[in-house]
Structure formats: structure tokens, C-alpha cells
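Engineer: This is the content of model_3.txt (compact mmCIF, N, CA and C atoms):
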# COMPACT_ATOMS: atom_id res chain seq x y z
N MET J 1 40.83 -12.00 19.28
CA MET J 1 40.94 -11.87 17.85
C MET J 1 39.57 -11.97 17.18
N THR J 2 38.67 -12.78 17.72
CA THR J 2 37.35 -12.90 17.12
C THR J 2 36.55 -11.62 17.28
N ASP J 3 36.77 -10.88 18.37
CA ASP J 3 36.07 -9.62 18.56
C ASP J 3 36.47 -8.61 17.49
N VAL J 4 37.75 -8.57 17.15
CA VAL J 4 38.23 -7.65 16.12
C VAL J 4 37.68 -8.06 14.76
N THR J 5 37.63 -9.35 14.49
CA THR J 5 37.12 -9.84 13.21
C THR J 5 35.63 -9.54 13.08
N ASN J 6 34.86 -9.75 14.15
CA ASN J 6 33.43 -9.47 14.12
C ASN J 6 33.16 -7.98 13.95
N THR J 7 33.95 -7.15 14.61
CA THR J 7 33.79 -5.71 14.49
C THR J 7 34.08 -5.24 13.07
N LEU J 8 35.14 -5.76 12.49
CA LEU J 8 35.47 -5.37 11.12
C LEU J 8 34.45 -5.89 10.11
N ALA J 9 33.84 -7.03 10.39
CA ALA J 9 32.83 -7.58 9.48
C ALA J 9 31.56 -6.75 9.50
N ASN J 10 31.25 -6.09 10.62
CA ASN J 10 30.03 -5.29 10.73
C ASN J 10 30.16 -3.90 10.11
N ILE J 11 31.38 -3.47 9.85
CA ILE J 11 31.60 -2.16 9.26
C ILE J 11 31.45 -2.27 7.74
N ASP J 12 30.58 -1.44 7.19
CA ASP J 12 30.35 -1.47 5.75
C ASP J 12 30.90 -0.17 5.18
N SER J 13 31.99 -0.26 4.46
CA SER J 13 32.63 0.94 3.93
C SER J 13 31.84 1.55 2.78
N ALA J 14 30.95 0.78 2.19
CA ALA J 14 30.18 1.29 1.06
C ALA J 14 28.80 1.80 1.48
N GLY J 15 28.56 1.93 2.76
CA GLY J 15 27.25 2.35 3.26
C GLY J 15 26.80 3.69 2.73
N GLU J 16 27.68 4.67 2.75
CA GLU J 16 27.33 6.00 2.28
C GLU J 16 27.05 6.00 0.77
N VAL J 17 27.82 5.24 0.03
CA VAL J 17 27.63 5.16 -1.42
C VAL J 17 26.29 4.50 -1.73
N LYS J 18 25.97 3.43 -1.02
CA LYS J 18 24.69 2.74 -1.22
C LYS J 18 23.53 3.67 -0.91
N GLU J 19 23.64 4.39 0.19
CA GLU J 19 22.58 5.31 0.58
C GLU J 19 22.39 6.41 -0.47
N PHE J 20 23.50 6.92 -1.00
CA PHE J 20 23.42 7.96 -2.02
C PHE J 20 22.70 7.45 -3.27
N TYR J 21 23.08 6.28 -3.76
CA TYR J 21 22.47 5.76 -4.98
C TYR J 21 21.06 5.23 -4.77
N ASN J 22 20.72 4.81 -3.57
CA ASN J 22 19.34 4.40 -3.29
C ASN J 22 18.39 5.58 -3.34
N LYS J 23 18.88 6.76 -3.01
CA LYS J 23 18.05 7.96 -3.01
C LYS J 23 18.31 8.86 -4.22
N TYR J 24 19.04 8.37 -5.19
CA TYR J 24 19.47 9.20 -6.31
C TYR J 24 18.30 9.73 -7.13
N PHE J 25 17.31 8.89 -7.43
CA PHE J 25 16.20 9.31 -8.28
C PHE J 25 14.98 9.79 -7.51
N SER J 26 15.06 9.81 -6.21
CA SER J 26 13.92 10.26 -5.43
C SER J 26 14.25 11.59 -4.74
N LYS J 27 13.32 12.48 -4.86
CA LYS J 27 13.48 13.80 -4.25
C LYS J 27 12.90 13.75 -2.84
N GLN J 28 13.65 14.23 -1.87
CA GLN J 28 13.16 14.24 -0.51
C GLN J 28 12.18 15.39 -0.32
N VAL J 29 11.05 15.06 0.29
CA VAL J 29 10.04 16.06 0.59
C VAL J 29 9.75 15.94 2.08
N ASN J 30 9.76 17.07 2.76
CA ASN J 30 9.54 17.08 4.21
C ASN J 30 8.19 17.69 4.53
N PHE J 31 7.50 17.08 5.49
CA PHE J 31 6.22 17.57 5.96
C PHE J 31 6.28 17.70 7.47
N THR J 32 5.51 18.62 8.00
CA THR J 32 5.46 18.76 9.46
C THR J 32 4.63 17.61 10.03
N SER J 33 4.91 17.29 11.27
CA SER J 33 4.18 16.18 11.91
C SER J 33 2.70 16.51 12.06
N ASN J 34 2.37 17.79 12.23
CA ASN J 34 0.97 18.19 12.34
C ASN J 34 0.21 17.90 11.05
N GLU J 35 0.84 18.20 9.91
CA GLU J 35 0.18 17.95 8.63
C GLU J 35 -0.03 16.46 8.41
N VAL J 36 0.98 15.67 8.72
CA VAL J 36 0.88 14.22 8.52
C VAL J 36 -0.18 13.64 9.44
N ASP J 37 -0.15 14.00 10.71
CA ASP J 37 -1.13 13.47 11.67
C ASP J 37 -2.55 13.88 11.31
N SER J 38 -2.72 15.13 10.87
CA SER J 38 -4.05 15.60 10.49
C SER J 38 -4.58 14.85 9.28
N CYS J 39 -3.73 14.65 8.31
CA CYS J 39 -4.13 13.97 7.09
C CYS J 39 -4.46 12.50 7.36
N VAL J 40 -3.60 11.81 8.09
CA VAL J 40 -3.85 10.41 8.41
C VAL J 40 -5.11 10.28 9.26
N GLY J 41 -5.26 11.14 10.24
CA GLY J 41 -6.45 11.13 11.09
C GLY J 41 -7.73 11.39 10.31
N PHE J 42 -7.66 12.27 9.33
CA PHE J 42 -8.82 12.57 8.50
C PHE J 42 -9.32 11.32 7.80
N PHE J 43 -8.41 10.57 7.19
CA PHE J 43 -8.81 9.38 6.44
C PHE J 43 -9.19 8.22 7.38
N GLU J 44 -8.54 8.10 8.52
CA GLU J 44 -8.92 7.06 9.47
C GLU J 44 -10.32 7.32 10.03
N LYS J 45 -10.64 8.58 10.24
CA LYS J 45 -11.95 8.95 10.77
C LYS J 45 -13.06 8.60 9.79
N ARG J 46 -12.73 8.53 8.51
CA ARG J 46 -13.72 8.22 7.48
C ARG J 46 -13.70 6.75 7.06
N GLY J 47 -13.14 5.89 7.88
CA GLY J 47 -13.25 4.46 7.66
C GLY J 47 -12.06 3.80 6.98
N PHE J 48 -11.01 4.52 6.66
CA PHE J 48 -9.82 3.92 6.07
C PHE J 48 -9.05 3.21 7.17
N ASP J 49 -8.44 2.06 6.86
CA ASP J 49 -7.58 1.44 7.85
C ASP J 49 -6.24 2.18 7.87
N LYS J 50 -5.40 1.85 8.84
CA LYS J 50 -4.17 2.63 9.08
C LYS J 50 -3.26 2.69 7.86
N SER J 51 -3.01 1.55 7.21
CA SER J 51 -2.09 1.54 6.07
C SER J 51 -2.66 2.30 4.88
N SER J 52 -3.97 2.17 4.63
CA SER J 52 -4.57 2.92 3.52
C SER J 52 -4.58 4.42 3.81
N ALA J 53 -4.83 4.78 5.05
CA ALA J 53 -4.84 6.19 5.42
C ALA J 53 -3.45 6.80 5.24
N ILE J 54 -2.41 6.03 5.56
CA ILE J 54 -1.05 6.55 5.42
C ILE J 54 -0.69 6.71 3.94
N SER J 55 -0.98 5.69 3.12
CA SER J 55 -0.62 5.79 1.70
C SER J 55 -1.42 6.87 0.99
N THR J 56 -2.69 7.02 1.34
CA THR J 56 -3.49 8.08 0.74
C THR J 56 -3.00 9.44 1.20
N SER J 57 -2.63 9.55 2.47
CA SER J 57 -2.13 10.81 3.00
C SER J 57 -0.83 11.22 2.31
N VAL J 58 0.03 10.26 2.05
CA VAL J 58 1.29 10.57 1.35
C VAL J 58 0.99 11.15 -0.02
N ALA J 59 0.04 10.55 -0.74
CA ALA J 59 -0.30 11.05 -2.07
C ALA J 59 -0.90 12.46 -1.99
N VAL J 60 -1.77 12.68 -1.02
CA VAL J 60 -2.39 14.01 -0.86
C VAL J 60 -1.35 15.04 -0.45
N LEU J 61 -0.46 14.68 0.47
CA LEU J 61 0.59 15.62 0.91
C LEU J 61 1.54 15.97 -0.24
N GLN J 62 1.91 14.98 -1.03
CA GLN J 62 2.79 15.25 -2.18
C GLN J 62 2.10 16.16 -3.19
N GLN J 63 0.83 15.91 -3.45
CA GLN J 63 0.10 16.74 -4.41
C GLN J 63 -0.05 18.16 -3.88
N ALA J 64 -0.28 18.30 -2.58
CA ALA J 64 -0.37 19.63 -1.98
C ALA J 64 0.94 20.38 -2.12
N LYS J 65 2.05 19.67 -1.96
CA LYS J 65 3.37 20.30 -2.09
C LYS J 65 3.60 20.74 -3.53
N VAL J 66 3.20 19.89 -4.48
CA VAL J 66 3.39 20.22 -5.90
C VAL J 66 2.58 21.45 -6.29
N GLU J 67 1.33 21.51 -5.80
CA GLU J 67 0.44 22.63 -6.15
C GLU J 67 0.70 23.87 -5.32
N GLY J 68 1.45 23.73 -4.22
CA GLY J 68 1.71 24.87 -3.35
C GLY J 68 0.49 25.25 -2.52
N THR J 69 -0.39 24.29 -2.29
CA THR J 69 -1.62 24.50 -1.53
C THR J 69 -1.43 23.95 -0.12
N PRO J 70 -1.93 24.64 0.89
CA PRO J 70 -1.85 24.08 2.24
C PRO J 70 -2.69 22.80 2.34
N VAL J 71 -2.19 21.82 3.06
CA VAL J 71 -2.89 20.55 3.21
C VAL J 71 -4.23 20.74 3.89
N TYR J 72 -4.29 21.68 4.83
CA TYR J 72 -5.53 21.91 5.56
C TYR J 72 -6.63 22.42 4.64
N ALA J 73 -6.28 23.19 3.62
CA ALA J 73 -7.27 23.66 2.66
C ALA J 73 -7.85 22.49 1.87
N ILE J 74 -7.00 21.53 1.52
CA ILE J 74 -7.47 20.35 0.79
C ILE J 74 -8.38 19.51 1.68
N LEU J 75 -7.99 19.32 2.93
CA LEU J 75 -8.81 18.54 3.86
C LEU J 75 -10.15 19.21 4.11
N ASP J 76 -10.18 20.54 4.19
CA ASP J 76 -11.45 21.24 4.36
C ASP J 76 -12.35 21.03 3.16
N THR J 77 -11.78 20.97 1.97
CA THR J 77 -12.56 20.72 0.76
C THR J 77 -13.12 19.31 0.77
N LEU J 78 -12.34 18.35 1.25
CA LEU J 78 -12.77 16.95 1.26
C LEU J 78 -13.83 16.66 2.32
N LYS J 79 -13.99 17.53 3.31
CA LYS J 79 -14.96 17.28 4.38
C LYS J 79 -16.39 17.21 3.86
N GLY J 80 -16.70 17.92 2.79
CA GLY J 80 -18.05 17.95 2.26
C GLY J 80 -18.43 16.76 1.42
N LEU J 81 -17.52 15.85 1.15
CA LEU J 81 -17.80 14.71 0.28
C LEU J 81 -18.37 13.54 1.09
N ASN J 82 -19.30 12.81 0.45
CA ASN J 82 -19.79 11.58 1.10
C ASN J 82 -18.80 10.45 0.84
N GLU J 83 -19.08 9.26 1.35
CA GLU J 83 -18.13 8.15 1.26
C GLU J 83 -17.84 7.74 -0.18
N VAL J 84 -18.86 7.70 -1.02
CA VAL J 84 -18.67 7.29 -2.41
C VAL J 84 -17.84 8.32 -3.17
N GLN J 85 -18.15 9.59 -2.99
CA GLN J 85 -17.38 10.65 -3.66
C GLN J 85 -15.93 10.65 -3.19
N LEU J 86 -15.73 10.47 -1.89
CA LEU J 86 -14.37 10.45 -1.35
C LEU J 86 -13.60 9.24 -1.89
N SER J 87 -14.26 8.10 -1.99
CA SER J 87 -13.62 6.90 -2.51
C SER J 87 -13.20 7.09 -3.97
N LYS J 88 -14.07 7.69 -4.77
CA LYS J 88 -13.74 7.94 -6.18
C LYS J 88 -12.58 8.94 -6.30
N LEU J 89 -12.59 9.96 -5.47
CA LEU J 89 -11.53 10.96 -5.50
C LEU J 89 -10.18 10.35 -5.10
N VAL J 90 -10.20 9.53 -4.06
CA VAL J 90 -8.96 8.88 -3.61
C VAL J 90 -8.44 7.95 -4.70
N THR J 91 -9.33 7.23 -5.37
CA THR J 91 -8.91 6.36 -6.47
C THR J 91 -8.26 7.17 -7.58
N THR J 92 -8.83 8.31 -7.91
CA THR J 92 -8.24 9.17 -8.93
C THR J 92 -6.88 9.70 -8.51
N ILE J 93 -6.75 10.12 -7.25
CA ILE J 93 -5.48 10.64 -6.75
C ILE J 93 -4.41 9.55 -6.80
N LEU J 94 -4.77 8.35 -6.36
CA LEU J 94 -3.80 7.26 -6.37
C LEU J 94 -3.42 6.85 -7.79
N ASN J 95 -4.37 6.91 -8.72
CA ASN J 95 -4.07 6.55 -10.11
C ASN J 95 -3.13 7.56 -10.76
N VAL J 96 -3.23 8.81 -10.37
CA VAL J 96 -2.33 9.83 -10.92
C VAL J 96 -0.89 9.53 -10.51
N ASN J 97 -0.73 8.98 -9.31
CA ASN J 97 0.61 8.70 -8.79
C ASN J 97 1.10 7.29 -9.09
N ARG J 98 0.41 6.54 -9.93
CA ARG J 98 0.80 5.17 -10.27
C ARG J 98 1.13 5.09 -11.75
N SER J 99 1.78 3.98 -12.10
CA SER J 99 2.01 3.74 -13.52
C SER J 99 0.71 3.23 -14.14
N ALA J 100 0.60 3.33 -15.45
CA ALA J 100 -0.63 2.97 -16.14
C ALA J 100 -0.93 1.48 -16.03
N SER J 101 0.09 0.66 -15.82
CA SER J 101 -0.14 -0.78 -15.76
C SER J 101 -0.69 -1.26 -14.42
N SER J 102 -0.72 -0.40 -13.40
CA SER J 102 -1.21 -0.84 -12.09
C SER J 102 -2.27 0.11 -11.54
N GLN J 103 -3.10 0.65 -12.41
CA GLN J 103 -4.11 1.59 -11.95
C GLN J 103 -5.29 0.88 -11.29
N LEU J 104 -5.93 1.60 -10.40
CA LEU J 104 -7.09 1.09 -9.69
C LEU J 104 -8.35 1.43 -10.46
N GLY J 105 -9.39 0.66 -10.26
CA GLY J 105 -10.65 0.94 -10.93
C GLY J 105 -11.81 0.77 -9.98
N TYR J 106 -12.98 1.14 -10.43
CA TYR J 106 -14.19 0.95 -9.66
C TYR J 106 -15.34 0.76 -10.62
N LYS J 107 -16.36 0.09 -10.15
CA LYS J 107 -17.51 -0.25 -10.98
C LYS J 107 -18.58 0.82 -10.83
N ILE J 108 -19.10 1.25 -11.94
CA ILE J 108 -20.21 2.20 -11.94
C ILE J 108 -21.44 1.46 -12.46
N ASP J 109 -22.45 1.32 -11.61
CA ASP J 109 -23.66 0.64 -12.04
C ASP J 109 -24.44 1.54 -12.98
N PRO J 110 -24.99 0.97 -14.05
CA PRO J 110 -25.76 1.80 -14.98
C PRO J 110 -27.04 2.30 -14.31
N SER J 111 -27.36 3.55 -14.53
CA SER J 111 -28.55 4.12 -13.88
C SER J 111 -29.82 3.80 -14.66
N THR J 112 -29.69 3.58 -15.94
CA THR J 112 -30.86 3.21 -16.75
C THR J 112 -30.76 1.74 -17.13
N PRO J 113 -31.86 1.03 -17.02
CA PRO J 113 -31.81 -0.39 -17.38
C PRO J 113 -31.63 -0.56 -18.89
N SER J 114 -31.00 -1.65 -19.25
CA SER J 114 -30.82 -1.90 -20.68
C SER J 114 -32.14 -2.32 -21.30
N LYS J 115 -32.22 -2.30 -22.64
CA LYS J 115 -33.47 -2.63 -23.32
C LYS J 115 -33.91 -4.06 -23.01
N GLU J 116 -32.96 -4.94 -22.86
CA GLU J 116 -33.31 -6.34 -22.60
C GLU J 116 -33.98 -6.48 -21.22
N GLN J 117 -33.54 -5.74 -20.26
CA GLN J 117 -34.12 -5.83 -18.95
C GLN J 117 -35.54 -5.27 -18.90
N ARG J 118 -35.83 -4.26 -19.71
CA ARG J 118 -37.16 -3.65 -19.70
C ARG J 118 -38.19 -4.55 -20.36
N ASN J 119 -37.77 -5.40 -21.26
CA ASN J 119 -38.72 -6.23 -22.01
C ASN J 119 -39.00 -7.59 -21.36
N ILE J 120 -38.35 -7.92 -20.28
CA ILE J 120 -38.54 -9.21 -19.64
C ILE J 120 -39.71 -9.10 -18.66
N LEU J 121 -40.67 -10.03 -18.80
CA LEU J 121 -41.81 -10.08 -17.90
C LEU J 121 -41.60 -11.22 -16.90
N LEU J 122 -41.87 -10.96 -15.66
CA LEU J 122 -41.73 -12.00 -14.64
C LEU J 122 -43.08 -12.50 -14.21
Do you think you could lay out the structure here as C-alpha cells?
Structural biologist:
Amino acid sequence: MTDVTNTLANIDSAGEVKEFYNKYFSKQVNFTSNEVDSCVGFFEKRGFDKSSAISTSVAVLQQAKVEGTPVYAILDTLKGLNEVQLSKLVTTILNVNRSASSQLGYKIDPSTPSKEQRNILL
């Protein structure tokens, strides 16, 4: 009798309904494994750790799908960027896909010294 009770307790009759409503507001987008592996490998090769490479790749793949551009064309364009340019671009891409309250930022050092710094004698 306990086997029957345990079996019935493990069956969730609302599983399909839960799955439907969990995915209700999200559109499924499919990518080939080659595109995903290439994109993740591209960012890992440039110093991103595994989790950052995956999250950045997802954003790039989604944007490629929206624009109708092949992912490989985007990756070829990104090959010419140095580390700082790539970091700024990735920050911009991630900010586009985030809400305004959780955007990322970066510091830009001023290229010209302020007036106060020029007048100080050491």
C-alpha cells in the first residue's frame, strides 16, 4: 500500500499547466549547437570565464536572431576589436537586454587633466 501511495504522491497532474504558464511570456528561440559553441568559444578565448561567455553569447545570439544576421558575421566583426573595445561593446549589448534599474557601467578616465591638477606644483 505504501508503494501505491508514494507513486501517486510523485504524480503531478498540474505539471503541464505549470509548464505552459512558466513559458507563457517567453518566446522560444532555437540555435544550432555550432552557433552556440562558436559564440561561447569566441568569448572564452578572449578571457571571459565560462558563465560570462555563456550569458554574453545568449545576448549576441538573440540579437543576431532579431536582426536576421548570421552569428558568424557578428563574430567576424568582433575579431578586430581589442579587449577594451570588446568590453565596452559587451557592456552595451548586455545593457540593451536589461532593465534600466540594473544596467552595467564602466569608468572612463578623463584624457585631459583638470585645471586644478595642472596648477599644482610638486
Engineer: Select, from J:Glu83, J:Glu35, J:Asp76, J:Glu19, the residue with the minimum atom-to-atom distance to Ser57 in chain J, counting only C-alpha atoms.
Structural biologist: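 Nearest candidate to Ser57 in chain J out of J:Glu83, J:Glu35, J:Asp76, J:Glu19: J:Glu35.
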Engineer: For CA of Ala59 in chain J and CA of Ile93 in chain J, quote the distance in Å rounded to one decimal.
Structural biologist: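 Distance reported for this atom pair: 7.0 Å.
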Engineer: Find the spatial neighbours of Phe43 in chain J, counting all atoms listed in the file, within a cut-off of 8 Å - ignore same-chain residues fewer than 4 positions away - and output them as a PyMOL selection string.
Structural biologist: chain J and resi 37-39+47-50+52-54+56-57
Engineer: Name the closest residue to Val96 in chain J among the candidates J:Val60, J:Val17, J:Val84, J:Val71; distances are taken between atoms, counting only C-alpha atoms.
Structural biologist: J:Val60
Engineer: Put the listed atoms of range 42-45 of chain J in a box along x, y and z with 5 Å added on every side and give me the centre and edge lengths in Å to one decimal, as JSON.
Structural biologist:
{"center_x": -10.4, "center_y": 9.8, "center_z": 8.6, "size_x": 15.4, "size_y": 15.5, "size_z": 14.3}
Engineer: Leaving out Asn30 in chain J and any residue of its chain fewer than 4 positions from it, which residues lie within 12 Å of it when counting only C-alpha atoms, given as an NGL selection string?
Structural biologist: :J and (34-36 or 58 or 61-62 or 64-65)
Engineer: What is the distance between atom C of Ser51 in chain J and atom C of Thr92 in chain J, in Å to one decimal?
Structural biologist: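 One can read the atom C of Ser51 in chain J to atom C of Thr92 in chain J distance as 15.9 Å.
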Engineer: Please, what distance in Å, to one decimal, runs between CA of Phe42 in chain J and CA of Pro70 in chain J?
Structural biologist: 14.8 Å
